[in-house]
Amino acid sequence: MNQIIYQDPQNNAIRASNFKKLETDCPFGGLGIKMVGSGEEVYFLNRRRYSVKAGDYMIGNSFTRSVVQINSHEQVNGLCIDLSPDLIQEVVEGSGRTQLVQSDYLLSDQFFVNRYSVHNTTLGKLLLQIHHRLHSWDLKNDLLKNELFYRLAEGILADQFLVVEHLNKLDFKKKNTNEELLRAVLEAKSLMDARIVDPMSLDFLATFGCIFLLFLFSIF
């Protein structure tokens with residue numbers, strides 16, 4: 001089941017999905033967000049595999065080649081949001097950050113596609129709110145006024161400002177090398193945030209120690 005919650009004439013849209021079994025092409029409209037509310041979805045994006053579990057989300061654009069697979073005994077529910085190129089351009093131009101993050105970058109084949117946790121980003125906090133309010137009148141009212149789409153675009157811009165800042169610190173010759181290193185850095189941050197109050201065993205540090213060093217390297 002793939003239910004359209006709201007869609008406006010500019011092709012900003014929000015949809016909710018519930019599946020046990022699924023394998024299909026999964027295009028990103030404009031600048032698109034795919035969030036998993038429960039269960040697990042497997043995405044193949046630009047020939048790379050991502051396991052996206054509850055509380056994770058992906059961001060891509062119309063250049064992102066994507067296939068999604070779901071194979072579960074329980075219902076897997078997700079949230080799909082499309083933000084139109086016109087909206088992205090308007091928010092970028094109004095942000096004063098066009099020198100660092102341009103709409104041409106966000107909507108191009110150079111955009112950094114990655115998996116994120118809702119607990120670690122500005123956008124993630126908004127996605128959690130939407131997921132909890134999915135069938136409420138307040139959510140639909142915000143969508144009708146387009147306020148929510150603007151806030152989502154602003155959240156993406158705030159997060160991508162930091163991503164671009166980190167990418168600019170990495171100066172390997174190959175773009176793919178810089179992106180793979182940044183993915184490792186972001187994964188390290190996610191692991192650190194998730195285990196901030198947990199004791200870390202020697203086995204854990206041995207497994208992820210190199211990633212933590214990459215994270216420290218990236219912030220200095």
# chains A, B, ... in the order shown; residues from 1 in each chain; ligands from 1
call {"tool": "residues_around", "arguments": {"residues": "stretch 96-112 of chain A", "least_positions_apart": "4", "cutoff": "8 Å", "atoms": "only C-alpha atoms", "output": "list in words"}}
result
Gly30, Leu31, Gly60, Asn61, Ser62, Phe63, Thr64, Pro85, Ile88, Gln89, Val92, Leu157, Gln160, Phe161, Val164, Glu165 and Glu179 of chain A
call {"tool": "select_by_dssp", "arguments": {"residues": "chain A", "states": "alpha helix (DSSP H)", "output": "MDAnalysis selection string"}}
result
chainID A and resid 85:95 103:106 122:132 137:144 147:169 175:194 202:218
call {"tool": "closest_atom_pairs", "arguments": {"of": "stretch 17-61 of chain A", "to": "stretch 124-132 of chain A", "cutoff": "9 Å", "atoms": "only C-alpha atoms", "output": "Markdown table"}}
result
| residue | atom | partner | partner_atom | distance |
| --- | --- | --- | --- | --- |
| A:Met35 | CA | A:Leu127 | CA | 7.8 |
| A:Gly37 | CA | A:His131 | CA | 7.2 |
| A:Gly55 | CA | A:Leu128 | CA | 8.1 |
| A:Asp56 | CA | A:Gly124 | CA | 8.4 |
| A:Tyr57 | CA | A:Gly124 | CA | 8.0 |
call {"tool": "write_last_selection", "arguments": {"atoms": "N, CA, C and O atoms", "output": "compact mmCIF listing (two decimals), in the first residue's frame"}}
result
# COMPACT_ATOMS: atom_id res chain seq x y z
N MET A 35 12.21 7.62 4.30
CA MET A 35 12.42 7.30 5.71
C MET A 35 11.72 6.00 6.07
O MET A 35 10.61 5.74 5.60
N GLY A 37 9.94 3.94 9.00
CA GLY A 37 9.34 4.11 10.33
C GLY A 37 9.44 2.87 11.18
O GLY A 37 9.65 2.93 12.39
N GLY A 55 14.07 4.45 11.75
CA GLY A 55 14.78 5.64 12.22
C GLY A 55 15.88 6.11 11.29
O GLY A 55 16.55 7.10 11.58
N ASP A 56 16.05 5.42 10.15
CA ASP A 56 17.02 5.85 9.15
C ASP A 56 16.29 6.45 7.95
O ASP A 56 15.12 6.16 7.71
N TYR A 57 17.01 7.28 7.20
CA TYR A 57 16.43 7.82 5.97
C TYR A 57 17.52 8.06 4.93
O TYR A 57 18.71 8.17 5.26
call {"tool": "closest_residue", "arguments": {"among": "A:Val118, A:Leu143, A:Leu45, A:Met58", "to": "A:Cys80", "atoms": "only C-alpha atoms"}}
result
A:Met58
call {"tool": "closest_residue", "arguments": {"among": "A:Pro9, A:Glu93, A:Gly32, A:Tyr116", "to": "A:Ala54", "atoms": "only C-alpha atoms"}}
result
A:Tyr116
call {"tool": "residues_around", "arguments": {"residues": "A:Leu144", "least_positions_apart": "5", "cutoff": "9 Å", "atoms": "only C-alpha atoms", "output": "list in words"}}
result
Tyr6, Asp8 and Leu139 of chain A
call {"tool": "write_last_selection", "arguments": {"atoms": "N, CA, C and O atoms", "output": "mmCIF file, in the first residue's frame"}}
result
data_model
loop_
_atom_site.group_PDB
_atom_site.id
_atom_site.type_symbol
_atom_site.label_atom_id
_atom_site.label_comp_id
_atom_site.auth_asym_id
_atom_site.auth_seq_id
_atom_site.Cartn_x
_atom_site.Cartn_y
_atom_site.Cartn_z
ATOM 1 N N TYR A 6 -0.530 13.939 0.644
ATOM 2 C CA TYR A 6 -0.755 15.276 0.103
ATOM 3 C C TYR A 6 0.176 15.498 -1.085
ATOM 4 O O TYR A 6 1.324 15.049 -1.085
ATOM 5 N N ASP A 8 0.908 18.882 -4.003
ATOM 6 C CA ASP A 8 0.471 20.188 -4.470
ATOM 7 C C ASP A 8 0.808 20.357 -5.955
ATOM 8 O O ASP A 8 1.476 19.507 -6.557
ATOM 9 N N LEU A 139 -1.049 18.062 10.762
ATOM 10 C CA LEU A 139 -0.081 17.814 9.705
ATOM 11 C C LEU A 139 -0.636 18.261 8.354
ATOM 12 O O LEU A 139 0.034 18.952 7.587
#
call {"tool": "residues_around", "arguments": {"residues": "A:Glu23", "least_positions_apart": "5", "cutoff": "10 Å", "atoms": "only C-alpha atoms", "output": "JSON, numbers by chain"}}
result
{"A": [41, 42, 43, 67, 68, 69, 70, 71]}
call {"tool": "closest_residue", "arguments": {"among": "A:Lys34, A:Arg151, A:Arg65, A:Lys175", "to": "A:Ser117", "atoms": "only C-alpha atoms"}}
result
A:Lys34
call {"tool": "select_by_dssp", "arguments": {"residues": "stretch 25-178 of chain A", "states": "strand (DSSP E or B)", "output": "ChimeraX atom specification"}}
result
/A:25,30-38,40-45,48-53,56-61,66-83,114-117
call {"tool": "closest_residue", "arguments": {"among": "A:Asn120, A:Ser38, A:Asn178, A:Ser17", "to": "A:Ser72", "atoms": "only C-alpha atoms"}}
result
A:Ser38
call {"tool": "residues_around", "arguments": {"residues": "A:Glu74", "least_positions_apart": "2", "cutoff": "8 Å", "atoms": "only C-alpha atoms", "output": "list in words"}}
result
Lys20, Gly39, Ser72 and Val76 of chain A
call {"tool": "write_last_selection", "arguments": {"atoms": "C-alpha atoms", "output": "compact mmCIF listing (two decimals), in the first residue's frame"}}
result
# COMPACT_ATOMS: atom_id res chain seq x y z
CA LYS A 20 5.72 -6.91 3.59
CA GLY A 39 11.19 -2.65 9.89
CA SER A 72 9.55 -9.11 5.97
CA VAL A 76 7.29 -2.31 7.04
